[in-house]
file my_file-v7.cif (mmCIF, C-alpha atoms)
data_entry
#
loop_
_atom_site.group_PDB
_atom_site.id
_atom_site.type_symbol
_atom_site.label_atom_id
_atom_site.label_comp_id
_atom_site.auth_asym_id
_atom_site.auth_seq_id
_atom_site.Cartn_x
_atom_site.Cartn_y
_atom_site.Cartn_z
ATOM 1 C CA MET A 1 3.717 -13.269 13.598
ATOM 2 C CA ARG A 2 3.451 -10.347 16.026
ATOM 3 C CA ALA A 3 5.289 -7.138 15.230
ATOM 4 C CA LYS A 4 7.403 -5.765 18.069
ATOM 5 C CA ARG A 5 8.945 -2.371 18.647
ATOM 6 C CA SER A 6 12.467 -3.107 17.416
ATOM 7 C CA ASN A 7 14.596 -2.788 14.304
ATOM 8 C CA LEU A 8 11.858 -4.848 12.652
ATOM 9 C CA LEU A 9 9.845 -1.636 12.458
ATOM 10 C CA ALA A 10 12.640 0.551 11.134
ATOM 11 C CA PRO A 11 11.279 2.682 8.262
ATOM 12 C CA LEU A 12 12.317 1.699 4.766
ATOM 13 C CA PRO A 13 14.762 4.302 3.423
ATOM 14 C CA ARG A 14 13.824 6.643 0.602
ATOM 15 C CA GLU A 15 16.301 4.842 -1.656
ATOM 16 C CA PHE A 16 14.032 1.775 -1.509
ATOM 17 C CA PHE A 17 11.361 3.718 -3.410
ATOM 18 C CA THR A 18 13.733 5.435 -5.860
ATOM 19 C CA ARG A 19 13.649 2.399 -8.144
ATOM 20 C CA SER A 20 11.533 0.841 -10.868
ATOM 21 C CA THR A 21 7.854 0.748 -9.896
ATOM 22 C CA LEU A 22 7.594 -2.949 -10.751
ATOM 23 C CA LEU A 23 10.622 -3.786 -8.621
ATOM 24 C CA VAL A 24 9.367 -1.761 -5.659
ATOM 25 C CA ALA A 25 5.922 -3.371 -5.926
ATOM 26 C CA LYS A 26 7.317 -6.891 -5.673
ATOM 27 C CA ASP A 27 9.819 -5.952 -2.976
ATOM 28 C CA LEU A 28 7.135 -4.346 -0.768
ATOM 29 C CA LEU A 29 5.492 -7.718 -0.143
ATOM 30 C CA GLY A 30 6.334 -8.910 3.360
ATOM 31 C CA HIS A 31 7.212 -5.453 4.684
ATOM 32 C CA PHE A 32 4.977 -3.576 7.138
ATOM 33 C CA LEU A 33 2.573 -0.656 6.944
ATOM 34 C CA VAL A 34 2.620 1.130 10.308
ATOM 35 C CA HIS A 35 0.339 3.879 11.611
ATOM 36 C CA GLU A 36 1.073 5.311 15.046
ATOM 37 C CA THR A 37 -2.143 7.009 16.196
ATOM 38 C CA PRO A 38 -3.319 8.600 19.472
ATOM 39 C CA ARG A 39 -5.546 5.537 19.966
ATOM 40 C CA GLY A 40 -2.754 3.022 19.441
ATOM 41 C CA ARG A 41 -0.314 1.615 16.940
ATOM 42 C CA LEU A 42 -1.601 -0.266 13.890
ATOM 43 C CA VAL A 43 0.626 -2.658 11.964
ATOM 44 C CA GLY A 44 -0.104 -4.745 8.889
ATOM 45 C CA ARG A 45 2.081 -6.932 6.711
ATOM 46 C CA VAL A 46 1.835 -5.988 3.031
ATOM 47 C CA VAL A 47 0.437 -8.993 1.132
ATOM 48 C CA GLU A 48 -1.008 -7.509 -2.086
ATOM 49 C CA VAL A 49 -0.048 -4.556 -4.289
ATOM 50 C CA GLU A 50 -0.501 -3.192 -7.802
ATOM 51 C CA ALA A 51 2.064 -1.263 -9.852
ATOM 52 C CA TYR A 52 1.084 1.833 -11.841
ATOM 53 C CA ARG A 53 3.685 3.362 -14.085
ATOM 54 C CA GLY A 54 3.948 6.729 -15.803
ATOM 55 C CA PRO A 55 2.375 8.336 -18.874
ATOM 56 C CA LYS A 56 2.809 5.161 -20.964
ATOM 57 C CA ASP A 57 0.515 3.174 -18.644
ATOM 58 C CA PRO A 58 -3.115 3.898 -19.675
ATOM 59 C CA ALA A 59 -4.410 2.569 -16.335
ATOM 60 C CA SER A 60 -2.244 4.957 -14.320
ATOM 61 C CA HIS A 61 -3.384 8.318 -12.978
ATOM 62 C CA ALA A 62 -0.126 9.592 -14.487
ATOM 63 C CA TYR A 63 -1.397 8.784 -17.992
ATOM 64 C CA ARG A 64 -2.952 12.248 -17.992
ATOM 65 C CA ARG A 65 -1.074 14.645 -15.756
ATOM 66 C CA THR A 66 -3.560 16.477 -13.531
ATOM 67 C CA PRO A 67 -3.305 18.461 -10.288
ATOM 68 C CA ARG A 68 -4.399 15.323 -8.414
ATOM 69 C CA SER A 69 -1.845 13.017 -10.038
ATOM 70 C CA GLN A 70 1.023 15.537 -9.928
ATOM 71 C CA ILE A 71 2.208 13.884 -6.726
ATOM 72 C CA MET A 72 3.144 10.746 -8.710
ATOM 73 C CA TRP A 73 6.191 12.597 -10.082
ATOM 74 C CA GLY A 74 7.787 12.640 -6.648
ATOM 75 C CA PRO A 75 9.395 12.718 -4.272
ATOM 76 C CA PRO A 76 9.626 8.923 -3.949
ATOM 77 C CA GLY A 77 8.319 7.469 -0.706
ATOM 78 C CA THR A 78 5.401 9.930 -0.589
ATOM 79 C CA ALA A 79 1.824 8.794 0.092
ATOM 80 C CA TYR A 80 -0.668 9.304 -2.739
ATOM 81 C CA VAL A 81 -4.139 9.011 -1.182
ATOM 82 C CA TYR A 82 -7.340 9.558 -3.137
ATOM 83 C CA PHE A 83 -11.084 8.997 -2.758
ATOM 84 C CA THR A 84 -12.618 6.584 -5.253
ATOM 85 C CA TYR A 85 -16.014 5.166 -6.203
ATOM 86 C CA GLY A 86 -17.581 7.718 -3.868
ATOM 87 C CA ASN A 87 -17.041 5.575 -0.793
ATOM 88 C CA HIS A 88 -13.428 4.798 0.143
ATOM 89 C CA TYR A 89 -9.815 5.919 0.084
ATOM 90 C CA CYS A 90 -6.863 4.199 -1.562
ATOM 91 C CA ILE A 91 -3.247 4.606 -0.471
ATOM 92 C CA ASN A 92 -0.303 4.396 -2.869
ATOM 93 C CA VAL A 93 3.394 4.997 -2.359
ATOM 94 C CA VAL A 94 5.202 7.078 -4.981
ATOM 95 C CA THR A 95 8.109 5.352 -6.735
ATOM 96 C CA GLU A 96 10.859 6.061 -9.289
ATOM 97 C CA PRO A 97 13.421 8.887 -9.159
ATOM 98 C CA GLN A 98 12.058 12.396 -8.650
ATOM 99 C CA GLY A 99 10.547 13.642 -11.906
ATOM 100 C CA THR A 100 9.555 10.178 -13.188
ATOM 101 C CA ALA A 101 5.974 9.164 -12.430
ATOM 102 C CA GLY A 102 5.078 5.901 -10.722
ATOM 103 C CA ALA A 103 3.209 4.535 -7.716
ATOM 104 C CA VAL A 104 2.328 1.272 -5.999
ATOM 105 C CA LEU A 105 -1.218 0.756 -4.713
ATOM 106 C CA LEU A 106 -1.416 -1.074 -1.384
ATOM 107 C CA ARG A 107 -4.306 -3.490 -1.912
ATOM 108 C CA ALA A 108 -4.186 -5.628 1.241
ATOM 109 C CA VAL A 109 -2.285 -6.140 4.470
ATOM 110 C CA GLU A 110 -2.343 -8.891 7.080
ATOM 111 C CA PRO A 111 -3.300 -7.275 10.416
ATOM 112 C CA LEU A 112 -0.659 -7.853 13.094
ATOM 113 C CA GLU A 113 -1.035 -5.194 15.774
ATOM 114 C CA GLY A 114 -3.910 -2.978 16.880
ATOM 115 C CA ILE A 115 -6.469 -5.516 15.677
ATOM 116 C CA GLY A 116 -9.052 -4.434 18.262
ATOM 117 C CA LEU A 117 -8.929 -0.862 16.983
ATOM 118 C CA MET A 118 -9.127 -2.089 13.396
ATOM 119 C CA ARG A 119 -12.262 -4.083 14.269
ATOM 120 C CA ARG A 120 -13.890 -1.016 15.800
ATOM 121 C CA ARG A 121 -13.058 1.086 12.763
ATOM 122 C CA ARG A 122 -14.419 -1.538 10.371
ATOM 123 C CA GLY A 123 -17.357 -2.828 12.438
ATOM 124 C CA THR A 124 -16.635 -6.398 11.331
ATOM 125 C CA GLY A 125 -16.822 -8.140 14.710
ATOM 126 C CA ASP A 126 -14.562 -11.175 14.838
ATOM 127 C CA ASN A 127 -14.429 -11.702 11.061
ATOM 128 C CA ASP A 128 -10.835 -10.569 10.697
ATOM 129 C CA ARG A 129 -10.692 -11.743 7.087
ATOM 130 C CA LEU A 130 -12.728 -8.630 6.232
ATOM 131 C CA LEU A 131 -10.509 -6.192 8.121
ATOM 132 C CA THR A 132 -7.870 -5.303 5.544
ATOM 133 C CA SER A 133 -8.435 -7.461 2.435
ATOM 134 C CA GLY A 134 -8.897 -4.743 -0.164
ATOM 135 C CA PRO A 135 -7.720 -1.146 -0.590
ATOM 136 C CA GLY A 136 -10.809 0.488 0.944
ATOM 137 C CA ARG A 137 -10.932 -1.889 3.883
ATOM 138 C CA LEU A 138 -7.220 -1.365 4.462
ATOM 139 C CA THR A 139 -7.465 2.425 4.684
ATOM 140 C CA GLN A 140 -10.543 2.341 6.914
ATOM 141 C CA ALA A 141 -8.984 -0.173 9.312
ATOM 142 C CA MET A 142 -5.661 1.683 9.424
ATOM 143 C CA GLY A 143 -7.236 5.127 9.859
ATOM 144 C CA ILE A 144 -5.902 6.524 6.579
ATOM 145 C CA GLY A 145 -7.732 9.332 4.790
ATOM 146 C CA ARG A 146 -7.385 12.409 2.609
ATOM 147 C CA ASN A 147 -5.293 14.175 5.247
ATOM 148 C CA HIS A 148 -2.527 11.630 4.619
ATOM 149 C CA ASN A 149 -2.116 12.550 0.960
ATOM 150 C CA GLY A 150 1.424 13.821 0.500
ATOM 151 C CA VAL A 151 2.856 12.573 3.799
ATOM 152 C CA ASP A 152 6.339 11.087 3.905
ATOM 153 C CA LEU A 153 6.047 7.295 4.261
ATOM 154 C CA THR A 154 9.705 6.974 5.258
ATOM 155 C CA TRP A 155 9.023 8.517 8.670
ATOM 156 C CA PRO A 156 6.472 8.093 11.503
ATOM 157 C CA PRO A 157 3.659 8.345 12.287
ATOM 158 C CA LEU A 158 2.531 6.698 9.003
ATOM 159 C CA PHE A 159 5.303 4.732 7.336
ATOM 160 C CA LEU A 160 6.432 1.568 5.595
ATOM 161 C CA ALA A 161 8.767 -0.500 7.756
ATOM 162 C CA ARG A 162 11.284 -3.189 7.017
ATOM 163 C CA GLY A 163 10.019 -6.766 7.369
ATOM 164 C CA PRO A 164 11.881 -10.059 7.794
ATOM 165 C CA ALA A 165 14.928 -10.662 5.626
ATOM 166 C CA ALA A 166 13.426 -13.837 4.162
ATOM 167 C CA ARG A 167 11.377 -12.858 1.135
ATOM 168 C CA PRO A 168 7.935 -14.427 0.616
ATOM 169 C CA PRO A 169 6.777 -16.313 -2.488
ATOM 170 C CA ILE A 170 5.171 -13.996 -5.039
ATOM 171 C CA ALA A 171 2.374 -14.544 -7.543
ATOM 172 C CA SER A 172 1.175 -12.104 -10.199
ATOM 173 C CA SER A 173 -1.992 -11.398 -12.155
ATOM 174 C CA PRO A 174 -3.610 -8.582 -14.142
ATOM 175 C CA ARG A 175 -4.648 -5.581 -12.087
ATOM 176 C CA ILE A 176 -8.175 -5.574 -10.680
ATOM 177 C CA GLY A 177 -11.046 -3.329 -11.723
ATOM 178 C CA ILE A 178 -9.431 -1.574 -14.683
ATOM 179 C CA ARG A 179 -10.188 -1.586 -18.408
ATOM 180 C CA ALA A 180 -7.124 0.041 -19.954
ATOM 181 C CA ALA A 181 -3.983 -2.119 -20.116
ATOM 182 C CA ALA A 182 -5.984 -4.820 -18.347
ATOM 183 C CA ASP A 183 -3.682 -7.591 -19.567
ATOM 184 C CA ARG A 184 -0.525 -6.360 -17.831
ATOM 185 C CA PRO A 185 0.335 -8.704 -14.918
ATOM 186 C CA TRP A 186 1.241 -5.930 -12.504
ATOM 187 C CA ARG A 187 -0.690 -7.114 -9.472
ATOM 188 C CA PHE A 188 1.595 -8.938 -7.050
ATOM 189 C CA TYR A 189 0.581 -10.887 -3.959
ATOM 190 C CA ILE A 190 1.582 -13.563 -1.464
ATOM 191 C CA PRO A 191 -0.416 -16.523 -2.782
ATOM 192 C CA ALA A 192 -1.054 -18.445 0.451
ATOM 193 C CA ASN A 193 -2.064 -15.437 2.546
ATOM 194 C CA PRO A 194 -5.759 -15.352 3.567
ATOM 195 C CA TYR A 195 -5.891 -11.541 3.480
ATOM 196 C CA VAL A 196 -5.293 -11.284 -0.268
ATOM 197 C CA SER A 197 -8.424 -9.656 -1.686
ATOM 198 C CA ARG A 198 -8.806 -11.951 -4.679
ATOM 199 C CA ARG A 199 -7.084 -15.094 -5.955
#
call {"tool": "encode", "arguments": {"input": "my_file-v7.cif", "output": "structure tokens"}}
result
Amino acid sequence: MRAKRSNLLAPLPREFFTRSTLLVAKDLLGHFLVHETPRGRLVGRVVEVEAYRGPKDPASHAYRRTPRSQIMWGPPGTAYVYFTYGNHYCINVVTEPQGTAGAVLLRAVEPLEGIGLMRRRRGTGDNDRLLTSGPGRLTQAMGIGRNHNGVDLTWPPLFLARGPAARPPIASSPRIGIRAAADRPWRFYIPANPYVSRR
């Protein structure tokens, strides 16, 4: 599937994100993450996400309200980007109505456009499986960093765009790499997609 400049890449409206975090997480699968950069346009199909809810979710950054996590209280459709494990960035999209904390972590996308630039950013040669299969790989390939924290993901140059009307099959599992609330099945992914970071 090759993304083309058409209504297919129309940004998702803010109302899409002003809903339950779990619902937004599942509904994001199959839509597109788009980054229009001076070096070219990058497009990936969202194939894996994790939902993080508000103060009642011990695994969420909103569990303890801090200056860093304040962004999770809104507005919906905002990018929450942070540096983790001392070596990579993660990108989330803020969910829920303004004033209610929630976010969806983008864990993996299927690269569709700008693959040459993604390869150069990642240094992976022709092994495209390693381009965007994981949150750190995704941000490096798509050119996303700290400067994108707080940007509006409902508008270019970095935005989430509407995918095909047909919705993909969805599988779920516990979230990866957490200890608190580790049993909650709030990781959602497209099961047959090779870019999912873990089965």
call {"tool": "resolve_selection", "arguments": {"input": "my_file-v7.cif", "expression": "the PyMOL selection byres ((chain A and resi 63) around 12)", "output": "CSV table (one decimal) with C-alpha atoms, in the coordinates of the input"}}
result
chain,number,residue,atom,x,y,z
A,52,TYR,CA,1.1,1.8,-11.8
A,53,ARG,CA,3.7,3.4,-14.1
A,54,GLY,CA,3.9,6.7,-15.8
A,55,PRO,CA,2.4,8.3,-18.9
A,56,LYS,CA,2.8,5.2,-21.0
A,57,ASP,CA,0.5,3.2,-18.6
A,58,PRO,CA,-3.1,3.9,-19.7
A,59,ALA,CA,-4.4,2.6,-16.3
A,60,SER,CA,-2.2,5.0,-14.3
A,61,HIS,CA,-3.4,8.3,-13.0
A,62,ALA,CA,-0.1,9.6,-14.5
A,64,ARG,CA,-3.0,12.2,-18.0
A,65,ARG,CA,-1.1,14.6,-15.8
A,66,THR,CA,-3.6,16.5,-13.5
A,68,ARG,CA,-4.4,15.3,-8.4
A,69,SER,CA,-1.8,13.0,-10.0
A,70,GLN,CA,1.0,15.5,-9.9
A,72,MET,CA,3.1,10.7,-8.7
A,73,TRP,CA,6.2,12.6,-10.1
A,101,ALA,CA,6.0,9.2,-12.4
A,102,GLY,CA,5.1,5.9,-10.7
A,180,ALA,CA,-7.1,0.0,-20.0
A,181,ALA,CA,-4.0,-2.1,-20.1
call {"tool": "residues_around", "arguments": {"input": "my_file-v7.cif", "residues": "Val47 of chain A", "least_positions_apart": "5", "cutoff": "9 Å", "atoms": "only C-alpha atoms", "output": "ChimeraX atom specification"}}
result
/A:28-31,106-110,188-191,193,195-196
call {"tool": "write_last_selection", "arguments": {"input": "my_file-v7.cif", "atoms": "C-alpha atoms", "output": "tab-separated table (two decimals), in the coordinates of the input"}}
result
chain	number	residue	atom	x	y	z
A	28	LEU	CA	7.14	-4.35	-0.77
A	29	LEU	CA	5.49	-7.72	-0.14
A	30	GLY	CA	6.33	-8.91	3.36
A	31	HIS	CA	7.21	-5.45	4.68
A	106	LEU	CA	-1.42	-1.07	-1.38
A	107	ARG	CA	-4.31	-3.49	-1.91
A	108	ALA	CA	-4.19	-5.63	1.24
A	109	VAL	CA	-2.28	-6.14	4.47
A	110	GLU	CA	-2.34	-8.89	7.08
A	188	PHE	CA	1.60	-8.94	-7.05
A	189	TYR	CA	0.58	-10.89	-3.96
A	190	ILE	CA	1.58	-13.56	-1.46
A	191	PRO	CA	-0.42	-16.52	-2.78
A	193	ASN	CA	-2.06	-15.44	2.55
A	195	TYR	CA	-5.89	-11.54	3.48
A	196	VAL	CA	-5.29	-11.28	-0.27
call {"tool": "atom_distance", "arguments": {"input": "my_file-v7.cif", "atom1": "atom CA of Gly40 of chain A", "atom2": "atom CA of Gly114 of chain A"}}
result
6.6 Å
call {"tool": "atom_distance", "arguments": {"input": "my_file-v7.cif", "atom1": "atom CA of Gly116 of chain A", "atom2": "atom CA of Leu160 of chain A"}}
result
20.9 Å
call {"tool": "resolve_selection", "arguments": {"input": "my_file-v7.cif", "expression": "the PyMOL selection byres ((chain A and resi 12) around 6)", "output": "list in words"}}
result
Pro11, Pro13, Thr154, Leu160, Ala161 and Arg162 of chain A
call {"tool": "closest_residue", "arguments": {"input": "my_file-v7.cif", "among": "A:Gly134, A:Gly177, A:Pro157, A:Pro185", "to": "Arg41 of chain A", "atoms": "only C-alpha atoms"}}
result
A:Pro157
call {"tool": "closest_residue", "arguments": {"input": "my_file-v7.cif", "among": "A:Leu42, A:Cys90, A:Val151, A:Leu23", "to": "Arg121 of chain A", "atoms": "all atoms listed in the file"}}
result
A:Leu42
call {"tool": "closest_residue", "arguments": {"input": "my_file-v7.cif", "among": "A:Asp126, A:Asp152, A:Glu15, A:Asp27", "to": "Glu48 of chain A", "atoms": "only C-alpha atoms"}}
result
A:Asp27
call {"tool": "resolve_selection", "arguments": {"input": "my_file-v7.cif", "expression": "the PyMOL selection byres ((chain A and resi 81) around 9)", "output": "PyMOL selection string"}}
result
chain A and resi 79-80+82-83+89-93+144-150
call {"tool": "residues_near_point", "arguments": {"input": "my_file-v7.cif", "point": "(-3.2, -10.7, -17.7)", "cutoff": "6 Å", "atoms": "all atoms listed in the file", "output": "PyMOL selection string"}}
result
chain A and resi 173-174+183-185
call {"tool": "axis_aligned_box", "arguments": {"input": "my_file-v7.cif", "around": "segment 89-100 of chain A", "padding_each_side": "6 Å", "output": "AutoDock Vina command-line options"}}
result
--center_x 1.8 --center_y 8.9 --center_z -6.6 --size_x 35.2 --size_y 21.4 --size_z 25.3
call {"tool": "closest_residue", "arguments": {"input": "my_file-v7.cif", "among": "A:Arg198, A:Ala192, A:Pro168, A:Leu117", "to": "Val43 of chain A", "atoms": "only C-alpha atoms"}}
result
A:Leu117
call {"tool": "atom_distance", "arguments": {"input": "my_file-v7.cif", "atom1": "atom CA of Phe16 of chain A", "atom2": "atom CA of Val94 of chain A"}}
result
10.9 Å
